[in-house]
$ cat target_27.cif   # mmCIF, C-alpha atoms
data_entry
loop_
_atom_site.group_PDB
_atom_site.id
_atom_site.type_symbol
_atom_site.label_atom_id
_atom_site.label_comp_id
_atom_site.auth_asym_id
_atom_site.auth_seq_id
_atom_site.Cartn_x
_atom_site.Cartn_y
_atom_site.Cartn_z
ATOM 1 C CA MET A 1128 0.000 0.000 0.000
ATOM 2 C CA ASN A 1129 1.600 3.236 -1.172
ATOM 3 C CA GLN A 1130 -0.425 5.876 0.649
ATOM 4 C CA HIS A 1131 0.586 9.535 0.184
ATOM 5 C CA HIS A 1132 -0.759 12.663 1.839
ATOM 6 C CA GLU A 1133 -1.069 16.135 0.376
ATOM 7 C CA VAL A 1134 0.796 18.615 2.565
ATOM 8 C CA ARG A 1135 0.572 22.401 2.217
ATOM 9 C CA LEU A 1136 3.639 24.330 3.284
ATOM 10 C CA ASN A 1137 4.555 27.985 3.053
ATOM 11 C CA VAL A 1138 8.319 27.775 2.664
ATOM 12 C CA ASN A 1139 10.312 30.992 2.476
ATOM 13 C CA GLY A 1140 7.185 32.894 1.505
ATOM 14 C CA THR A 1141 6.136 30.530 -1.302
ATOM 15 C CA GLU A 1142 3.172 28.177 -1.067
ATOM 16 C CA HIS A 1143 3.904 24.538 -1.905
ATOM 17 C CA THR A 1144 1.767 21.423 -2.016
ATOM 18 C CA VAL A 1145 3.676 18.162 -1.867
ATOM 19 C CA SER A 1146 2.533 14.564 -1.856
ATOM 20 C CA VAL A 1147 4.460 12.618 0.764
ATOM 21 C CA PRO A 1148 4.298 9.228 2.435
ATOM 22 C CA PRO A 1149 3.154 9.491 6.052
ATOM 23 C CA ARG A 1150 6.588 8.737 7.532
ATOM 24 C CA LYS A 1151 8.661 11.065 5.345
ATOM 25 C CA LEU A 1152 10.709 13.389 7.519
ATOM 26 C CA LEU A 1153 10.304 17.123 7.074
ATOM 27 C CA VAL A 1154 14.045 17.516 6.432
ATOM 28 C CA ASP A 1155 13.798 14.994 3.584
ATOM 29 C CA CYS A 1156 10.744 16.759 2.158
ATOM 30 C CA LEU A 1157 12.595 20.075 2.159
ATOM 31 C CA ARG A 1158 15.733 18.615 0.605
ATOM 32 C CA GLU A 1159 14.254 16.095 -1.836
ATOM 33 C CA ASP A 1160 10.838 17.432 -2.789
ATOM 34 C CA LEU A 1161 11.517 21.174 -2.622
ATOM 35 C CA ARG A 1162 15.255 20.993 -3.458
ATOM 36 C CA LEU A 1163 16.168 23.226 -0.503
ATOM 37 C CA THR A 1164 19.435 21.519 0.358
ATOM 38 C CA GLY A 1165 20.699 24.172 2.758
ATOM 39 C CA THR A 1166 18.946 22.319 5.567
ATOM 40 C CA HIS A 1167 21.470 19.638 6.442
ATOM 41 C CA VAL A 1168 20.989 16.123 7.762
ATOM 42 C CA GLY A 1169 23.436 15.399 10.549
ATOM 43 C CA CYS A 1170 22.726 13.069 13.440
ATOM 44 C CA GLU A 1171 19.094 12.292 12.484
ATOM 45 C CA GLN A 1172 18.298 12.254 16.208
ATOM 46 C CA GLY A 1173 17.689 15.961 16.881
ATOM 47 C CA VAL A 1174 20.956 16.407 18.752
ATOM 48 C CA CYS A 1175 23.270 18.270 16.362
ATOM 49 C CA GLY A 1176 21.058 21.124 15.100
ATOM 50 C CA ALA A 1177 22.194 20.852 11.465
ATOM 51 C CA CYS A 1178 18.564 20.457 10.374
ATOM 52 C CA THR A 1179 17.302 23.523 12.262
ATOM 53 C CA ILE A 1180 14.576 25.502 10.516
ATOM 54 C CA ILE A 1181 12.188 28.159 11.755
ATOM 55 C CA MET A 1182 8.588 26.941 11.703
ATOM 56 C CA ASP A 1183 5.796 29.268 12.739
ATOM 57 C CA GLY A 1184 8.384 31.453 14.481
ATOM 58 C CA GLN A 1185 10.044 28.660 16.483
ATOM 59 C CA ASN A 1186 13.305 26.777 15.981
ATOM 60 C CA VAL A 1187 12.495 23.215 14.952
ATOM 61 C CA ARG A 1188 14.647 20.144 14.315
ATOM 62 C CA SER A 1189 13.288 19.088 10.945
ATOM 63 C CA CYS A 1190 14.766 15.594 11.327
ATOM 64 C CA LEU A 1191 12.389 14.925 14.227
ATOM 65 C CA MET A 1192 9.166 15.816 12.410
ATOM 66 C CA PHE A 1193 7.210 14.121 9.719
ATOM 67 C CA ALA A 1194 6.312 16.354 6.791
ATOM 68 C CA VAL A 1195 2.608 15.676 7.426
ATOM 69 C CA GLN A 1196 2.987 17.258 10.880
ATOM 70 C CA ALA A 1197 3.986 20.524 9.200
ATOM 71 C CA ASP A 1198 0.837 20.744 7.078
ATOM 72 C CA GLY A 1199 -0.247 24.395 6.943
ATOM 73 C CA ALA A 1200 2.947 25.654 8.589
ATOM 74 C CA SER A 1201 5.062 28.622 7.654
ATOM 75 C CA ILE A 1202 8.691 27.519 7.337
ATOM 76 C CA GLU A 1203 11.872 29.517 6.961
ATOM 77 C CA THR A 1204 15.048 27.838 5.735
ATOM 78 C CA ILE A 1205 18.545 29.226 5.252
ATOM 79 C CA GLU A 1206 17.709 29.912 1.603
ATOM 80 C CA SER A 1207 15.309 32.669 2.674
ATOM 81 C CA LEU A 1208 17.966 34.884 4.230
ATOM 82 C CA ALA A 1209 19.837 36.117 1.161
ATOM 83 C CA SER A 1210 19.240 36.418 -2.547
ATOM 84 C CA GLY A 1211 22.975 36.159 -3.238
ATOM 85 C CA PRO A 1212 26.470 36.739 -1.836
ATOM 86 C CA GLU A 1213 26.067 40.515 -1.979
ATOM 87 C CA ASP A 1214 22.797 40.426 -0.026
ATOM 88 C CA LEU A 1215 23.622 38.472 3.142
ATOM 89 C CA HIS A 1216 21.525 38.718 6.281
ATOM 90 C CA PRO A 1217 23.456 40.486 9.092
ATOM 91 C CA VAL A 1218 23.917 37.160 10.899
ATOM 92 C CA GLN A 1219 25.348 35.556 7.774
ATOM 93 C CA GLN A 1220 27.645 38.511 7.139
ATOM 94 C CA ALA A 1221 28.872 38.447 10.737
ATOM 95 C CA PHE A 1222 29.656 34.721 10.426
ATOM 96 C CA VAL A 1223 31.785 35.547 7.371
ATOM 97 C CA ASP A 1224 33.466 38.584 8.917
ATOM 98 C CA CYS A 1225 34.175 36.925 12.283
ATOM 99 C CA HIS A 1226 35.267 33.556 10.862
ATOM 100 C CA GLY A 1227 32.312 31.845 12.521
ATOM 101 C CA LEU A 1228 32.374 28.980 10.071
ATOM 102 C CA GLN A 1229 34.917 26.500 8.848
ATOM 103 C CA CYS A 1230 33.571 23.410 7.107
ATOM 104 C CA GLY A 1231 30.113 25.024 6.931
ATOM 105 C CA PHE A 1232 28.098 21.922 7.768
ATOM 106 C CA CYS A 1233 26.578 23.341 10.966
ATOM 107 C CA THR A 1234 26.353 26.884 9.601
ATOM 108 C CA PRO A 1235 22.784 26.920 8.189
ATOM 109 C CA GLY A 1236 21.288 25.586 11.422
ATOM 110 C CA MET A 1237 23.543 27.779 13.540
ATOM 111 C CA VAL A 1238 22.644 30.907 11.542
ATOM 112 C CA LEU A 1239 18.911 30.236 11.760
ATOM 113 C CA ALA A 1240 19.154 29.530 15.495
ATOM 114 C CA ALA A 1241 21.083 32.789 15.943
ATOM 115 C CA LYS A 1242 18.634 34.780 13.798
ATOM 116 C CA SER A 1243 15.660 33.488 15.756
ATOM 117 C CA PHE A 1244 17.429 34.116 19.062
ATOM 118 C CA LEU A 1245 18.390 37.695 18.149
ATOM 119 C CA GLU A 1246 14.817 38.461 17.151
ATOM 120 C CA GLN A 1247 13.789 37.538 20.706
ATOM 121 C CA ASN A 1248 16.861 38.957 22.474
ATOM 122 C CA PRO A 1249 18.468 41.752 20.419
ATOM 123 C CA SER A 1250 21.081 42.615 23.050
ATOM 124 C CA PRO A 1251 22.350 39.343 24.506
ATOM 125 C CA THR A 1252 25.271 38.601 26.776
ATOM 126 C CA ASP A 1253 27.873 36.073 25.671
ATOM 127 C CA ASP A 1254 26.454 33.575 28.177
ATOM 128 C CA GLU A 1255 22.972 34.020 26.682
ATOM 129 C CA ILE A 1256 24.409 33.481 23.196
ATOM 130 C CA ARG A 1257 26.140 30.274 24.317
ATOM 131 C CA GLU A 1258 22.917 29.016 25.869
ATOM 132 C CA ALA A 1259 20.926 29.868 22.725
ATOM 133 C CA ILE A 1260 23.219 27.846 20.469
ATOM 134 C CA ALA A 1261 23.803 25.008 22.929
ATOM 135 C CA GLY A 1262 21.648 22.705 20.800
ATOM 136 C CA ASN A 1263 23.766 23.251 17.690
ATOM 137 C CA ILE A 1264 26.978 21.277 17.471
ATOM 138 C CA CYS A 1265 30.040 22.579 15.629
ATOM 139 C CA ARG A 1266 32.990 20.239 15.404
ATOM 140 C CA CYS A 1267 35.399 22.731 13.817
ATOM 141 C CA THR A 1268 35.395 26.187 15.378
ATOM 142 C CA GLY A 1269 35.395 25.738 19.142
ATOM 143 C CA TYR A 1270 32.450 28.209 19.269
ATOM 144 C CA THR A 1271 34.500 31.310 20.122
ATOM 145 C CA PHE A 1272 34.191 32.774 16.635
ATOM 146 C CA ILE A 1273 30.515 31.776 16.458
ATOM 147 C CA VAL A 1274 29.777 33.661 19.689
ATOM 148 C CA ASP A 1275 31.765 36.617 18.325
ATOM 149 C CA ALA A 1276 29.743 36.480 15.107
ATOM 150 C CA ILE A 1277 26.399 36.449 16.898
ATOM 151 C CA ARG A 1278 27.443 39.314 19.177
ATOM 152 C CA THR A 1279 28.633 41.272 16.119
ATOM 153 C CA ALA A 1280 25.359 40.567 14.305
ATOM 154 C CA ALA A 1281 23.403 41.801 17.339
ATOM 155 C CA GLU A 1282 25.426 45.034 17.395
ATOM 156 C CA ARG A 1283 24.986 45.578 13.654
ATOM 157 C CA MET A 1284 21.282 44.824 13.762
ATOM 158 C CA ALA A 1285 20.854 47.243 16.678
ATOM 159 C CA GLY A 1286 22.753 49.875 14.673
ATOM 160 C CA GLU A 1287 20.527 49.296 11.640
ATOM 161 C CA GLU A 1288 17.435 49.539 13.812
ATOM 162 C CA ALA A 1289 18.691 52.794 15.381
ATOM 163 C CA GLY A 1290 19.424 54.171 11.915
ATOM 164 C CA GLN A 1291 15.890 53.410 10.739
ATOM 165 C CA HIS A 1292 14.366 55.500 13.522
ATOM 166 C CA VAL A 1293 16.423 58.627 12.862
#
$ encode --input "target_27.cif" --output "C-alpha cells"
Amino acid sequence: MNQHHEVRLNVNGTEHTVSVPPRKLLVDCLREDLRLTGTHVGCEQGVCGACTIIMDGQNVRSCLMFAVQADGASIETIESLASGPEDLHPVQQAFVDCHGLQCGFCTPGMVLAAKSFLEQNPSPTDDEIREAIAGNICRCTGYTFIVDAIRTAAERMAGEEAGQHV
C-alpha cells in the first residue's frame, strides 16, 4: 500500500503542495521534494542542530518531524535569508566577517538559530548566546568565533534599527 498525503507548506514565503508518504521526515521533504538543500541532515536524532529551521516562528529540528505534521505551517530555511552573496543577512555577514564557520556543515542551522534568538533577544550577553546555540553542534570552530559572530550581528542589527528610527 503506497499511501501519500497532500501537505501544504509555506516555505520561504512561497506556497507549496507536496505529496508525501506518512513517515517522510520534514528535512527529507525540504531537501528532496523542494530541493532546498541548505537544511542539512546530521545526526538524524535531533541532537546536532544541522537540520534547524524556523517553523511558525520557532526553531524546529526538521529531522524529528514528519512532513505531514507541518501541514499548513510557515517555514523559513537558510535559503530565505539572502538572494545572493552581496545580499547576506546580518547574521550571515557576521559569520563571514568573524570567521564563525569553517567546514560550513553546521552553519545553516547555527545561523537560523542565531537569527531566531536575536529576534527575541536583540542585546544578549555572551552567556545568553552560548545558551541559545547550545543545541547546535560545531565540530570545527570551538564556538569562540561563532559567539563573536552572533554578538557582532546583534550590534549591527541594533545599529541598523537605530538608523531606521532617525
$ closest_residue --input "target_27.cif" --among "A:Gln1219, A:Gln1229, A:Thr1279, A:Thr1268" --to "Ile1256 of chain A" --atoms "all atoms listed in the file"
A:Thr1279
$ resolve_selection --input "target_27.cif" --expression "the PyMOL selection byres ((chain A and resi 1145-1160) around 8)" --output "PyMOL selection string"
chain A and resi 1129-1135+1143-1144+1161-1168+1178+1189-1195+1197
$ write_last_selection --input "target_27.cif" --atoms "C-alpha atoms" --output "PDB file, in the frame of the given file"
ATOM      1  CA  ASN A1129       1.600   3.236  -1.172  1.00  0.00           C
ATOM      2  CA  GLN A1130      -0.425   5.876   0.649  1.00  0.00           C
ATOM      3  CA  HIS A1131       0.586   9.535   0.184  1.00  0.00           C
ATOM      4  CA  HIS A1132      -0.759  12.663   1.839  1.00  0.00           C
ATOM      5  CA  GLU A1133      -1.069  16.135   0.376  1.00  0.00           C
ATOM      6  CA  VAL A1134       0.796  18.615   2.565  1.00  0.00           C
ATOM      7  CA  ARG A1135       0.572  22.401   2.217  1.00  0.00           C
ATOM      8  CA  HIS A1143       3.904  24.538  -1.905  1.00  0.00           C
ATOM      9  CA  THR A1144       1.767  21.423  -2.016  1.00  0.00           C
ATOM     10  CA  LEU A1161      11.517  21.174  -2.622  1.00  0.00           C
ATOM     11  CA  ARG A1162      15.255  20.993  -3.458  1.00  0.00           C
ATOM     12  CA  LEU A1163      16.168  23.226  -0.503  1.00  0.00           C
ATOM     13  CA  THR A1164      19.435  21.519   0.358  1.00  0.00           C
ATOM     14  CA  GLY A1165      20.699  24.172   2.758  1.00  0.00           C
ATOM     15  CA  THR A1166      18.946  22.319   5.567  1.00  0.00           C
ATOM     16  CA  HIS A1167      21.470  19.638   6.442  1.00  0.00           C
ATOM     17  CA  VAL A1168      20.989  16.123   7.762  1.00  0.00           C
ATOM     18  CA  CYS A1178      18.564  20.457  10.374  1.00  0.00           C
ATOM     19  CA  SER A1189      13.288  19.088  10.945  1.00  0.00           C
ATOM     20  CA  CYS A1190      14.766  15.594  11.327  1.00  0.00           C
ATOM     21  CA  LEU A1191      12.389  14.925  14.227  1.00  0.00           C
ATOM     22  CA  MET A1192       9.166  15.816  12.410  1.00  0.00           C
ATOM     23  CA  PHE A1193       7.210  14.121   9.719  1.00  0.00           C
ATOM     24  CA  ALA A1194       6.312  16.354   6.791  1.00  0.00           C
ATOM     25  CA  VAL A1195       2.608  15.676   7.426  1.00  0.00           C
ATOM     26  CA  ALA A1197       3.986  20.524   9.200  1.00  0.00           C
TER      27      ALA A1197
END
$ closest_residue --input "target_27.cif" --among "A:Ser1250, A:Asn1139, A:Gly1173, A:Glu1287" --to "Ala1209 of chain A" --atoms "all atoms listed in the file"
A:Asn1139
$ resolve_selection --input "target_27.cif" --expression "the PyMOL selection byres ((chain A and resi 1249) around 12)" --output "PyMOL selection string"
chain A and resi 1218+1241-1248+1250-1252+1255-1256+1277-1288
$ axis_aligned_box --input "target_27.cif" --around "segment 1229-1238 of chain A" --padding-each-side "6 Å" --output "JSON"
{"center_x": 28.1, "center_y": 26.4, "center_z": 10.2, "size_x": 25.6, "size_y": 21.0, "size_z": 18.6}
$ atom_distance --input "target_27.cif" --atom1 "atom CA of Ala1261 of chain A" --atom2 "atom CA of Thr1179 of chain A"
12.6 Å
$ residues_around --input "target_27.cif" --residues "Leu1208 of chain A" --least-positions-apart "4" --cutoff "9 Å" --atoms "only C-alpha atoms" --output "VMD selection string"
chain A and resid 1139 1203 to 1204 1214 to 1216 1219 1239
$ write_last_selection --input "target_27.cif" --atoms "C-alpha atoms" --output "CSV table (one decimal), keeping the file's coordinate frame"
chain,number,residue,atom,x,y,z
A,1139,ASN,CA,10.3,31.0,2.5
A,1203,GLU,CA,11.9,29.5,7.0
A,1204,THR,CA,15.0,27.8,5.7
A,1214,ASP,CA,22.8,40.4,0.0
A,1215,LEU,CA,23.6,38.5,3.1
A,1216,HIS,CA,21.5,38.7,6.3
A,1219,GLN,CA,25.3,35.6,7.8
A,1239,LEU,CA,18.9,30.2,11.8
$ atom_distance --input "target_27.cif" --atom1 "atom CA of Gln1172 of chain A" --atom2 "atom CA of Gly1262 of chain A"
11.9 Å
$ atom_distance --input "target_27.cif" --atom1 "atom CA of Val1174 of chain A" --atom2 "atom CA of Val1187 of chain A"
11.5 Å
$ closest_residue --input "target_27.cif" --among "A:Ala1221, A:Ile1181, A:Ala1259, A:Cys1170" --to "Ser1207 of chain A" --atoms "all atoms listed in the file"
A:Ile1181
$ residues_around --input "target_27.cif" --residues "Thr1271 of chain A" --least-positions-apart "5" --cutoff "10 Å" --atoms "all atoms listed in the file" --output "list in words"
Cys1225, His1226, Gly1227, Asp1253, Arg1257 and Ala1276 of chain A
$ write_last_selection --input "target_27.cif" --atoms "C-alpha atoms" --output "mmCIF file, keeping the file's coordinate frame"
data_model
loop_
_atom_site.group_PDB
_atom_site.id
_atom_site.type_symbol
_atom_site.label_atom_id
_atom_site.label_comp_id
_atom_site.auth_asym_id
_atom_site.auth_seq_id
_atom_site.Cartn_x
_atom_site.Cartn_y
_atom_site.Cartn_z
ATOM 1 C CA CYS A 1225 34.175 36.925 12.283
ATOM 2 C CA HIS A 1226 35.267 33.556 10.862
ATOM 3 C CA GLY A 1227 32.312 31.845 12.521
ATOM 4 C CA ASP A 1253 27.873 36.073 25.671
ATOM 5 C CA ARG A 1257 26.140 30.274 24.317
ATOM 6 C CA ALA A 1276 29.743 36.480 15.107
#
$ closest_residue --input "target_27.cif" --among "A:Asp1198, A:Asp1254, A:Asp1224, A:Glu1171" --to "Leu1136 of chain A" --atoms "only C-alpha atoms"
A:Asp1198
$ build_atoms --input "target_27.cif" --residues "segment 1197-1228 of chain A" --atoms "N, CA and C atoms" --output "mmCIF file, in the coordinates of the input"
data_model
loop_
_atom_site.group_PDB
_atom_site.id
_atom_site.type_symbol
_atom_site.label_atom_id
_atom_site.label_comp_id
_atom_site.auth_asym_id
_atom_site.auth_seq_id
_atom_site.Cartn_x
_atom_site.Cartn_y
_atom_site.Cartn_z
ATOM 1 N N ALA A 1197 3.760 19.114 9.525
ATOM 2 C CA ALA A 1197 3.986 20.524 9.200
ATOM 3 C C ALA A 1197 2.913 21.077 8.261
ATOM 4 N N ASP A 1198 1.889 20.297 7.982
ATOM 5 C CA ASP A 1198 0.837 20.744 7.078
ATOM 6 C C ASP A 1198 0.270 22.083 7.542
ATOM 7 N N GLY A 1199 0.272 23.062 6.647
ATOM 8 C CA GLY A 1199 -0.247 24.395 6.943
ATOM 9 C C GLY A 1199 0.746 25.320 7.613
ATOM 10 N N ALA A 1200 1.949 24.851 7.867
ATOM 11 C CA ALA A 1200 2.947 25.654 8.589
ATOM 12 C C ALA A 1200 3.648 26.647 7.677
ATOM 13 N N SER A 1201 4.191 27.655 8.318
ATOM 14 C CA SER A 1201 5.062 28.622 7.654
ATOM 15 C C SER A 1201 6.491 28.276 8.067
ATOM 16 N N ILE A 1202 7.331 28.001 7.089
ATOM 17 C CA ILE A 1202 8.691 27.519 7.337
ATOM 18 C C ILE A 1202 9.699 28.468 6.715
ATOM 19 N N GLU A 1203 10.762 28.706 7.454
ATOM 20 C CA GLU A 1203 11.872 29.517 6.961
ATOM 21 C C GLU A 1203 13.126 28.650 6.981
ATOM 22 N N THR A 1204 13.785 28.563 5.834
ATOM 23 C CA THR A 1204 15.048 27.838 5.735
ATOM 24 C C THR A 1204 16.165 28.837 5.464
ATOM 25 N N ILE A 1205 17.385 28.361 5.480
ATOM 26 C CA ILE A 1205 18.545 29.226 5.252
ATOM 27 C C ILE A 1205 18.460 29.932 3.903
ATOM 28 N N GLU A 1206 17.811 29.309 2.936
ATOM 29 C CA GLU A 1206 17.709 29.912 1.603
ATOM 30 C C GLU A 1206 16.927 31.217 1.598
ATOM 31 N N SER A 1207 16.134 31.452 2.636
ATOM 32 C CA SER A 1207 15.309 32.669 2.674
ATOM 33 C C SER A 1207 16.083 33.913 3.085
ATOM 34 N N LEU A 1208 17.270 33.746 3.624
ATOM 35 C CA LEU A 1208 17.966 34.884 4.230
ATOM 36 C C LEU A 1208 18.690 35.791 3.249
ATOM 37 N N ALA A 1209 19.076 35.287 2.102
ATOM 38 C CA ALA A 1209 19.837 36.117 1.161
ATOM 39 C C ALA A 1209 19.511 35.723 -0.268
ATOM 40 N N SER A 1210 19.465 36.709 -1.133
ATOM 41 C CA SER A 1210 19.240 36.418 -2.547
ATOM 42 C C SER A 1210 20.550 36.123 -3.274
ATOM 43 N N GLY A 1211 21.667 36.420 -2.637
ATOM 44 C CA GLY A 1211 22.975 36.159 -3.238
ATOM 45 C C GLY A 1211 24.081 36.612 -2.308
ATOM 46 N N PRO A 1212 25.337 36.423 -2.715
ATOM 47 C CA PRO A 1212 26.470 36.739 -1.836
ATOM 48 C C PRO A 1212 26.617 38.222 -1.497
ATOM 49 N N GLU A 1213 25.993 39.075 -2.256
ATOM 50 C CA GLU A 1213 26.067 40.515 -1.979
ATOM 51 C C GLU A 1213 24.901 40.993 -1.121
ATOM 52 N N ASP A 1214 24.018 40.070 -0.752
ATOM 53 C CA ASP A 1214 22.797 40.426 -0.026
ATOM 54 C C ASP A 1214 22.629 39.540 1.207
ATOM 55 N N LEU A 1215 23.686 39.357 1.986
ATOM 56 C CA LEU A 1215 23.622 38.472 3.142
ATOM 57 C C LEU A 1215 22.859 39.112 4.292
ATOM 58 N N HIS A 1216 22.170 38.286 5.040
ATOM 59 C CA HIS A 1216 21.525 38.718 6.281
ATOM 60 C C HIS A 1216 22.643 39.134 7.240
ATOM 61 N N PRO A 1217 22.403 40.073 8.154
ATOM 62 C CA PRO A 1217 23.456 40.486 9.092
ATOM 63 C C PRO A 1217 24.096 39.329 9.871
ATOM 64 N N VAL A 1218 23.331 38.315 10.195
ATOM 65 C CA VAL A 1218 23.917 37.160 10.899
ATOM 66 C C VAL A 1218 24.869 36.423 9.970
ATOM 67 N N GLN A 1219 24.463 36.221 8.732
ATOM 68 C CA GLN A 1219 25.348 35.556 7.774
ATOM 69 C C GLN A 1219 26.620 36.361 7.557
ATOM 70 N N GLN A 1220 26.475 37.660 7.378
ATOM 71 C CA GLN A 1220 27.645 38.511 7.139
ATOM 72 C C GLN A 1220 28.590 38.490 8.333
ATOM 73 N N ALA A 1221 28.035 38.492 9.535
ATOM 74 C CA ALA A 1221 28.872 38.447 10.737
ATOM 75 C C ALA A 1221 29.610 37.112 10.831
ATOM 76 N N PHE A 1222 28.970 36.017 10.438
ATOM 77 C CA PHE A 1222 29.656 34.721 10.426
ATOM 78 C C PHE A 1222 30.842 34.768 9.471
ATOM 79 N N VAL A 1223 30.678 35.409 8.336
ATOM 80 C CA VAL A 1223 31.785 35.547 7.371
ATOM 81 C C VAL A 1223 32.872 36.438 7.964
ATOM 82 N N ASP A 1224 32.488 37.603 8.437
ATOM 83 C CA ASP A 1224 33.466 38.584 8.917
ATOM 84 C C ASP A 1224 34.223 38.123 10.157
ATOM 85 N N CYS A 1225 33.566 37.354 11.016
ATOM 86 C CA CYS A 1225 34.175 36.925 12.283
ATOM 87 C C CYS A 1225 34.720 35.497 12.225
ATOM 88 N N HIS A 1226 34.756 34.925 11.048
ATOM 89 C CA HIS A 1226 35.267 33.556 10.862
ATOM 90 C C HIS A 1226 34.480 32.555 11.702
ATOM 91 N N GLY A 1227 33.172 32.715 11.731
ATOM 92 C CA GLY A 1227 32.312 31.845 12.521
ATOM 93 C C GLY A 1227 31.944 30.552 11.829
ATOM 94 N N LEU A 1228 32.637 30.233 10.757
ATOM 95 C CA LEU A 1228 32.374 28.980 10.071
ATOM 96 C C LEU A 1228 33.684 28.432 9.540
#
